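S.K.: You'll find my_file-v9.cif just under this line, and it carries mmCIF, C-alpha atoms.
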data_coords
loop_
_atom_site.label_atom_id
_atom_site.label_comp_id
_atom_site.auth_asym_id
_atom_site.auth_seq_id
_atom_site.Cartn_x
_atom_site.Cartn_y
_atom_site.Cartn_z
CA MET A 111 44.18 52.25 98.17
CA LYS A 112 45.65 51.82 94.68
CA ASN A 113 47.27 55.29 94.69
CA PHE A 114 48.71 54.75 98.15
CA LEU A 115 50.28 51.43 97.16
CA ARG A 116 51.72 52.93 93.95
CA LEU A 117 53.36 55.64 96.03
CA MET A 118 54.76 53.21 98.58
CA LYS A 119 56.13 50.96 95.84
CA ALA A 120 57.76 53.98 94.20
CA LEU A 121 59.61 54.71 97.42
CA SER A 122 60.64 51.09 97.99
CA ASP A 123 63.80 51.45 95.87
CA PRO A 124 66.90 53.15 97.34
CA ASN A 125 67.80 54.90 94.08
CA ARG A 126 64.32 56.38 93.79
CA VAL A 127 64.55 57.71 97.35
CA LYS A 128 67.96 59.20 96.47
CA ILE A 129 66.44 60.86 93.39
CA ILE A 130 63.77 62.43 95.59
CA LYS A 131 66.42 63.66 98.03
CA MET A 132 68.49 65.17 95.18
CA LEU A 133 65.49 66.88 93.59
CA GLN A 134 64.80 68.55 96.93
CA HIS A 135 67.91 70.62 96.26
CA LYS A 136 67.55 71.45 92.58
CA PRO A 137 65.81 70.36 89.39
CA MET A 138 68.01 67.92 87.46
CA CYS A 139 68.17 66.29 84.05
CA VAL A 140 68.65 62.55 83.47
CA CYS A 141 72.38 62.97 82.80
CA GLU A 142 72.94 64.75 86.10
CA ILE A 143 71.02 62.10 88.03
CA ARG A 144 72.91 59.35 86.21
CA GLU A 145 76.21 60.99 87.12
CA ALA A 146 75.25 61.39 90.79
CA LEU A 147 74.01 57.82 91.22
CA HIS A 148 76.52 56.11 88.90
CA VAL A 149 73.80 54.10 87.17
CA SER A 150 72.76 53.75 83.54
CA GLN A 151 70.57 56.24 81.71
CA PRO A 152 67.81 53.65 81.13
CA SER A 153 67.76 52.90 84.86
CA VAL A 154 67.39 56.59 85.71
CA SER A 155 64.63 57.02 83.12
CA LYS A 156 62.73 54.00 84.42
CA ASN A 157 62.97 55.22 88.02
CA LEU A 158 61.83 58.72 87.04
CA LYS A 159 58.81 57.28 85.24
CA ILE A 160 57.83 55.29 88.36
CA LEU A 161 58.18 58.42 90.52
CA GLU A 162 56.18 60.42 87.99
CA ASP A 163 53.38 57.82 87.92
CA ALA A 164 53.26 57.99 91.73
CA GLY A 165 52.75 61.76 91.60
CA LEU A 166 56.10 62.62 93.18
CA VAL A 167 58.07 63.93 90.20
CA ASP A 168 57.23 65.98 87.15
CA PHE A 169 59.27 67.47 84.32
CA ARG A 170 59.48 70.51 82.11
CA LYS A 171 61.39 71.24 78.95
CA ASP A 172 64.09 73.89 79.40
CA GLY A 173 65.65 74.53 76.00
CA LEU A 174 67.69 71.43 75.17
CA TRP A 175 67.12 69.90 78.58
CA VAL A 176 64.28 67.97 80.16
CA GLU A 177 64.41 69.03 83.76
CA TYR A 178 62.88 66.88 86.52
CA HIS A 179 61.56 68.39 89.74
CA LEU A 180 59.42 67.40 92.70
CA THR A 181 55.70 68.01 92.43
CA ASP A 182 53.79 70.11 94.91
CA GLY A 183 51.90 66.96 95.91
CA SER A 184 48.56 68.38 94.83
CA SER A 185 47.64 65.25 92.86
CA SER A 186 47.53 63.12 96.01
CA PRO A 187 47.32 63.75 99.75
CA TYR A 188 49.69 60.80 100.20
CA ALA A 189 52.29 62.37 97.88
CA ALA A 190 51.98 65.74 99.62
CA SER A 191 52.43 64.21 103.05
CA LEU A 192 55.38 62.00 102.08
CA LEU A 193 57.18 64.77 100.16
CA GLY A 194 56.80 67.04 103.18
CA ASN A 195 58.16 64.41 105.56
CA LEU A 196 60.96 63.32 103.23
CA ARG A 197 62.37 66.86 103.44
CA HIS A 198 63.40 66.00 106.99
CA TRP A 199 63.84 62.24 106.86
CA LEU A 200 67.18 60.59 106.02
CA GLU A 201 69.20 63.80 106.29
CA ASP A 202 71.71 62.08 108.59
CA GLU A 203 72.23 59.08 106.30
CA ASP A 204 75.79 58.91 104.91
CA GLU A 205 74.62 58.22 101.35
CA VAL A 206 72.34 61.26 101.40
CA LYS A 207 75.06 63.47 102.90
CA GLU A 208 77.47 62.38 100.17
CA LEU A 209 74.94 63.12 97.41
CA LYS A 210 74.25 66.56 98.87
CA LYS A 211 77.98 67.33 98.76
CA ARG A 212 78.32 66.24 95.11
CA ILE A 213 75.17 67.82 93.66
CA PRO A 214 76.53 71.40 93.39
CA PHE A 215 79.48 70.16 91.32
CA ILE A 216 77.46 68.16 88.80
CA ARG A 217 76.88 70.40 85.78
CA ARG A 218 74.67 69.24 82.93
CA GLU A 219 76.76 71.13 80.40
CA GLU A 220 79.69 68.89 81.30
CA VAL A 221 78.11 65.49 82.01
CA CYS A 222 75.58 65.45 79.18
CA LYS A 223 78.21 65.73 76.47
CA LYS A 224 80.14 62.66 77.66
#
Let me see the structure of the file written as C-alpha cells.
M.R.:
Amino acid sequence: MKNFLRLMKALSDPNRVKIIKMLQHKPMCVCEIREALHVSQPSVSKNLKILEDAGLVDFRKDGLWVEYHLTDGSSSPYAASLLGNLRHWLEDEDEVKELKKRIPFIRREEVCKK
C-alpha cells in the first residue's frame, strides 16, 4: 500500500500533473519546465524528485543538460497503469491545452541562459 499512496500523493499537486503531461510530449530539463509553468527552479526540482520517488519520472544526462522523461512504469504496476491512463486523461483541460501549445517553442538553449 505504501507505493500506491506515494504515487497518489505525487499526483495530488496540479504542477506535478502538468509536468507529467508535458513530459508525455518530450523530455525536458528543469529550465524548460520552469519556463512552461512559471515557477521557481527549486519548486520544479522538488516536484521532479517527488515524481521520481513515485516511479513516474527518471532522468539522464545529455551533455550539459539533465533531461527528465517519463518512466516505462516497470518499477510499479500502479505507475504503469496511471501513466497509461494519463496519456488520455485531461487532454481537454484548458491548462493542458495551453501547455501543449507552448512546449514546442520552449528551447533550453534560450531559457537556460537567462
S.K.: Taking only C-alpha atoms into account, name the residue in A:Gln134, A:Ala146, A:Ile213, A:Asp168 that is nearest to Gly194 in chain A.
M.R.: A:Gln134
S.K.: In Å, with one decimal, what is the gap from CA of Arg197 in chain A to CA of Glu145 in chain A?
M.R.: 22.2 Å
S.K.: Using all atoms listed in the file, find the one residue out of A:Val176, A:Leu158, A:Leu121, A:Ala189 that sits nearest to Cys139 in chain A.
M.R.: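 Checking each candidate against Cys139 in chain A, we get A:Val176 as the closest.
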S.K.: Measure the distance from CA of Cys222 in chain A to CA of Cys141 in chain A in Å and round it to one decimal.
M.R.: 5.4 Å
S.K.: Just checking: using only C-alpha atoms, which residue out of A:Asp204, A:Asp123, A:Asp182, A:Glu219 ends up closest to Asn157 in chain A?
M.R.: A:Asp123
S.K.: Which polymer residues have any atom within 9 Å of an atom of Asn113 in chain A, counting all atoms listed in the file, with same-chain residues fewer than 6 positions away left out, as a list in words?
M.R.: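 Close residues of Asn113 in chain A: Ala164, Ser186 and Tyr188 of chain A.
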S.K.: Please list as a PyMOL selection string every residue within 9 Å of Met132 in chain A, counting all atoms listed in the file and excluding residues in the same chain fewer than 6 positions away.
M.R.: chain A and resi 138+143+146+206+209-210+213
S.K.: So how far away is CA of Leu192 in chain A from CA of Met118 in chain A, in Å?
M.R.: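 Answer for the CA of Met118 in chain A to CA of Leu192 in chain A separation: 9.5 Å.
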S.K.: Do you know which residues the PyMOL selection byres ((chain A and resi 169) around 12) returns on this file, as a PyMOL selection string?
M.R.: chain A and resi 133+137-140+155+158-159+161-163+165-168+170-172+175-181
S.K.: Looking at all atoms listed in the file, which of A:Arg218, A:Lys136, A:Arg116, A:Lys131 is the one that sits closest to His198 in chain A?
M.R.: A:Lys131
S.K.: Which is closest to Pro124 in chain A among A:Pro187, A:Glu203, A:Arg212, A:Glu142, if we use all atoms listed in the file?
M.R.: A:Glu203
S.K.: Padding 6 Å on every side, please: axis-aligned box over the listed atoms of range 153-162 of chain A, centre and edge lengths to one decimal in Å, as AutoDock Vina command-line options.
M.R.:
--center_x 62.0 --center_y 56.7 --center_z 86.8 --size_x 23.6 --size_y 19.5 --size_z 19.4
